[in-house]
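J.: Sharing query_27.cif, mmCIF, C-alpha atoms:
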data_structure
#
loop_
_atom_site.label_atom_id
_atom_site.label_comp_id
_atom_site.auth_asym_id
_atom_site.auth_seq_id
_atom_site.Cartn_x
_atom_site.Cartn_y
_atom_site.Cartn_z
CA MET U 1 -104.39 -13.96 47.71
CA LYS U 2 -102.18 -14.46 44.74
CA PRO U 3 -103.18 -16.62 41.81
CA PRO U 4 -101.35 -19.99 41.65
CA ILE U 5 -98.22 -20.01 39.57
CA LYS U 6 -98.33 -22.29 36.58
CA LEU U 7 -95.15 -24.19 36.00
CA SER U 8 -94.31 -24.68 32.42
CA GLN U 9 -93.65 -28.21 31.39
CA PRO U 10 -90.95 -29.07 28.90
CA PRO U 11 -92.32 -29.85 25.50
CA LYS U 12 -92.97 -33.53 24.88
CA PRO U 13 -90.81 -34.99 22.17
CA GLN U 14 -92.80 -35.53 19.04
CA PRO U 15 -92.15 -38.56 16.89
CA SER U 16 -90.23 -37.49 13.87
CA ASP U 17 -91.88 -37.95 10.57
CA GLU U 18 -88.50 -37.90 8.90
CA PRO U 19 -87.23 -41.30 7.75
CA ARG U 20 -83.94 -42.57 9.18
CA SER U 21 -80.87 -41.81 7.17
CA MET U 22 -78.89 -44.59 5.49
CA ALA U 23 -75.95 -44.02 7.90
CA GLU U 24 -78.26 -44.50 10.92
CA LEU U 25 -79.70 -47.71 9.49
CA ILE U 26 -76.25 -49.14 8.71
CA SER U 27 -74.95 -48.19 12.18
CA PHE U 28 -77.96 -49.83 13.82
CA ALA U 29 -77.53 -53.00 11.75
CA ILE U 30 -73.82 -53.29 12.57
CA ALA U 31 -74.39 -52.66 16.29
CA SER U 32 -77.16 -55.28 16.33
CA MET U 33 -74.92 -57.85 14.64
CA VAL U 34 -72.10 -57.21 17.12
CA ILE U 35 -74.46 -57.66 20.08
CA VAL U 36 -75.91 -60.88 18.63
CA ALA U 37 -72.40 -62.23 17.93
CA VAL U 38 -71.16 -61.50 21.46
CA LEU U 39 -74.24 -63.02 23.08
CA GLY U 40 -74.10 -66.05 20.77
CA GLY U 41 -70.40 -66.62 21.49
CA ALA U 42 -70.92 -66.34 25.24
CA GLY U 43 -73.87 -68.72 25.06
CA TYR U 44 -71.88 -71.25 23.04
CA LEU U 45 -68.97 -71.18 25.51
CA TRP U 46 -71.34 -71.52 28.45
CA VAL U 47 -73.08 -74.55 26.93
CA SER U 48 -69.98 -76.27 25.51
CA ASP U 49 -67.91 -76.07 28.72
CA ARG U 50 -70.58 -77.57 30.93
CA ASN U 51 -69.69 -81.22 30.31
CA PRO U 52 -66.14 -81.49 28.99
CA LEU U 53 -64.94 -85.00 28.26
CA PRO U 54 -62.37 -86.29 30.74
CA PRO U 55 -58.95 -87.25 29.46
CA THR U 56 -58.98 -90.64 27.72
CA LEU U 57 -55.49 -92.01 27.30
CA GLU U 58 -54.70 -94.73 24.76
CA ILE U 59 -51.46 -96.74 24.60
CA THR U 60 -49.98 -98.53 21.60
CA SER U 61 -46.72 -100.47 21.76
CA THR U 62 -44.60 -102.98 19.84
CA THR U 63 -41.39 -104.91 20.56
CA GLU U 64 -38.11 -104.49 18.68
CA TYR U 65 -34.80 -106.31 19.18
CA ARG U 66 -31.77 -104.00 18.77
CA GLN U 67 -28.18 -104.21 20.00
CA GLY U 68 -28.88 -107.13 22.33
CA LYS U 69 -31.81 -105.42 24.06
CA TYR U 70 -35.57 -105.50 23.66
CA TYR U 71 -37.05 -102.08 22.95
CA VAL U 72 -40.73 -101.47 23.55
CA PRO U 73 -41.58 -98.13 21.94
CA PHE U 74 -44.96 -96.74 22.94
CA THR U 75 -47.30 -93.92 22.03
CA VAL U 76 -49.74 -92.43 24.50
CA LYS U 77 -52.53 -90.27 23.06
CA ASN U 78 -55.10 -88.14 24.87
CA THR U 79 -58.36 -88.66 22.98
CA GLY U 80 -60.50 -86.89 25.59
CA GLY U 81 -61.55 -83.28 25.78
CA GLU U 82 -59.55 -82.23 28.84
CA THR U 83 -55.82 -81.82 29.39
CA ALA U 84 -53.89 -84.48 31.31
CA GLU U 85 -50.84 -83.58 33.37
CA SER U 86 -48.14 -85.82 34.86
CA VAL U 87 -49.20 -88.91 32.91
CA GLN U 88 -47.45 -92.00 34.31
CA VAL U 89 -46.87 -94.89 31.89
CA ILE U 90 -45.85 -98.25 33.38
CA ALA U 91 -44.47 -101.34 31.63
CA GLU U 92 -44.33 -104.70 33.40
CA LEU U 93 -42.84 -107.94 32.12
CA ARG U 94 -44.06 -111.08 33.87
CA ILE U 95 -42.56 -114.47 33.15
CA GLU U 96 -44.28 -117.46 34.78
CA ASN U 97 -46.43 -115.03 36.82
CA MET U 98 -43.36 -113.38 38.35
CA LEU U 99 -42.55 -109.72 37.76
CA VAL U 100 -39.05 -109.88 36.30
CA GLU U 101 -38.65 -106.38 34.82
CA TRP U 102 -40.57 -103.15 34.99
CA GLY U 103 -40.21 -99.47 34.22
CA ASP U 104 -42.16 -96.27 34.40
CA GLN U 105 -42.06 -92.98 32.55
CA GLN U 106 -43.65 -89.60 33.12
CA VAL U 107 -45.24 -87.46 30.40
CA ASP U 108 -45.46 -83.91 31.70
CA PHE U 109 -48.40 -82.63 29.69
CA LEU U 110 -50.91 -83.96 27.13
CA SER U 111 -53.57 -81.64 25.79
CA SER U 112 -56.62 -82.95 23.95
CA GLN U 113 -55.68 -84.98 20.83
CA GLU U 114 -51.96 -84.67 21.61
CA GLU U 115 -49.67 -87.68 21.69
CA ALA U 116 -46.25 -88.46 23.16
CA THR U 117 -43.83 -91.26 22.41
CA GLY U 118 -41.18 -93.06 24.42
CA ALA U 119 -39.61 -96.49 24.84
CA PHE U 120 -38.93 -99.06 27.53
CA ILE U 121 -35.79 -101.19 27.30
CA PHE U 122 -35.78 -104.76 28.63
CA THR U 123 -32.94 -107.28 28.90
CA ARG U 124 -35.32 -110.27 28.63
CA ASP U 125 -37.48 -111.12 25.63
CA PRO U 126 -41.05 -109.86 26.24
CA ASP U 127 -42.35 -112.66 23.98
CA LEU U 128 -41.35 -115.19 26.67
CA GLY U 129 -43.88 -113.76 29.11
CA ALA U 130 -46.71 -111.29 29.48
CA LEU U 131 -45.87 -107.67 28.72
CA SER U 132 -48.19 -104.98 30.01
CA VAL U 133 -47.84 -101.31 29.03
CA ARG U 134 -50.47 -99.04 30.56
CA VAL U 135 -51.27 -95.60 31.89
CA ALA U 136 -51.13 -95.81 35.67
CA SER U 137 -52.19 -92.29 36.61
CA TYR U 138 -52.58 -88.67 35.57
CA LYS U 139 -53.73 -85.47 37.20
CA GLU U 140 -55.95 -82.69 35.97
CA PRO U 141 -54.28 -79.28 35.74
#
Show the structure stored in the file as structure tokens.
T.:
Amino acid sequence: MKPPIKLSQPPKPQPSDEPRSMAELISFAIASMVIVAVLGGAGYLWVSDRNPLPPTLEITSTTEYRQGKYYVPFTVKNTGGETAESVQVIAELRIENMLVEWGDQQVDFLSSQEEATGAFIFTRDPDLGALSVRVASYKEP
């Protein structure tokens, strides 16, 4: 009978008593900052995109008389957090509760805090009736 063979084990790494060099410490600090920045940025985007504000569209308009016509310039502004696409603006002029003139315009694209301008042109004086300028619809991209 042969004696059992002893397998040699690799030497266990011993903790180094040498202090870390300045280059190692700086490299570790920079790598740690990069990791924290990436994780922080990803966390911020994850939290901030959870509840975006829907598009909120505001209309302002006035009436101007020029060259025998009544111009109603308007401004539509997206004050919400999301983009609005295909924004439809409608103007209606009612005199004695009857719709006598109307028009509609399409704004292709309004990102958050963006505004667009346009004008409606009427042949009748809007001051003689009730003028309504409003956003009728939009779609989300």
J.: Kindly provide, as lines of an AutoDock Vina configuration file, the centre and edge lengths (Å, one decimal) of an axis-aligned box around all atoms of region 27-43 of chain U given in the file, with 8 Å on each side.
T.:
center_x = -74.2
center_y = -58.5
center_z = 18.5
size_x = 23.6
size_y = 36.5
size_z = 29.5
J.: To verify the selection step, state as an mmCIF file with C-alpha atoms, keeping the file's coordinate frame which residues the PyMOL selection byres ((chain U and resi 105-117) around 8) yields on this input.
T.:
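The file below, result28.cif, is the result:
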data_model
loop_
_atom_site.group_PDB
_atom_site.id
_atom_site.type_symbol
_atom_site.label_atom_id
_atom_site.label_comp_id
_atom_site.auth_asym_id
_atom_site.auth_seq_id
_atom_site.Cartn_x
_atom_site.Cartn_y
_atom_site.Cartn_z
ATOM 1 C CA PRO U 55 -58.950 -87.250 29.460
ATOM 2 C CA PRO U 73 -41.580 -98.130 21.940
ATOM 3 C CA PHE U 74 -44.960 -96.740 22.940
ATOM 4 C CA THR U 75 -47.300 -93.920 22.030
ATOM 5 C CA VAL U 76 -49.740 -92.430 24.500
ATOM 6 C CA LYS U 77 -52.530 -90.270 23.060
ATOM 7 C CA ASN U 78 -55.100 -88.140 24.870
ATOM 8 C CA THR U 79 -58.360 -88.660 22.980
ATOM 9 C CA GLY U 80 -60.500 -86.890 25.590
ATOM 10 C CA GLY U 81 -61.550 -83.280 25.780
ATOM 11 C CA GLU U 82 -59.550 -82.230 28.840
ATOM 12 C CA THR U 83 -55.820 -81.820 29.390
ATOM 13 C CA ALA U 84 -53.890 -84.480 31.310
ATOM 14 C CA GLU U 85 -50.840 -83.580 33.370
ATOM 15 C CA SER U 86 -48.140 -85.820 34.860
ATOM 16 C CA VAL U 87 -49.200 -88.910 32.910
ATOM 17 C CA GLN U 88 -47.450 -92.000 34.310
ATOM 18 C CA VAL U 89 -46.870 -94.890 31.890
ATOM 19 C CA ILE U 90 -45.850 -98.250 33.380
ATOM 20 C CA GLY U 103 -40.210 -99.470 34.220
ATOM 21 C CA ASP U 104 -42.160 -96.270 34.400
ATOM 22 C CA GLY U 118 -41.180 -93.060 24.420
ATOM 23 C CA ALA U 119 -39.610 -96.490 24.840
#
J.: Counting only C-alpha atoms, which of U:Arg66, U:Ala37, U:Glu92, U:Ala31 gets nearest to Ala136 (chain U)?
T.: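 Looking only at the distances to Ala136 (chain U), the closest residue turns out to be U:Glu92.
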J.: Please write the residues picked by the PyMOL selection byres ((chain U and resi 95) around 12) on this file as a list in words.
T.: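 Taken over the shown coordinates, the PyMOL selection byres ((chain U and resi 95) around 12) returns Glu92, Leu93, Arg94, Glu96, Asn97, Met98, Leu99, Val100, Glu101, Trp102, Arg124, Asp125, Pro126, Asp127, Leu128, Gly129, Ala130, Leu131 and Ser132 of chain U.
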J.: Report the distance between CA of Val72 (chain U) and CA of Tyr138 (chain U) in Å, rounded to one decimal place.
T.: 21.2 Å
J.: May I ask which of the residues U:Thr123, U:Glu140, U:Leu25, U:Val135 is the closest one to Glu64 (chain U), counting all atoms listed in the file?
T.: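 With all atoms listed in the file as the atom set, the closest residue is U:Thr123.
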J.: Rounded to one decimal in Å, what is the spacing between CA of Ile26 (chain U) and CA of Ala42 (chain U)?
T.: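 Pair CA of Ile26 (chain U) / CA of Ala42 (chain U) returns 24.4 Å.
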J.: If you measure from CA of Lys139 (chain U) to CA of Ile59 (chain U), what distance in Å do you get, rounded to one decimal?
T.: 17.1 Å
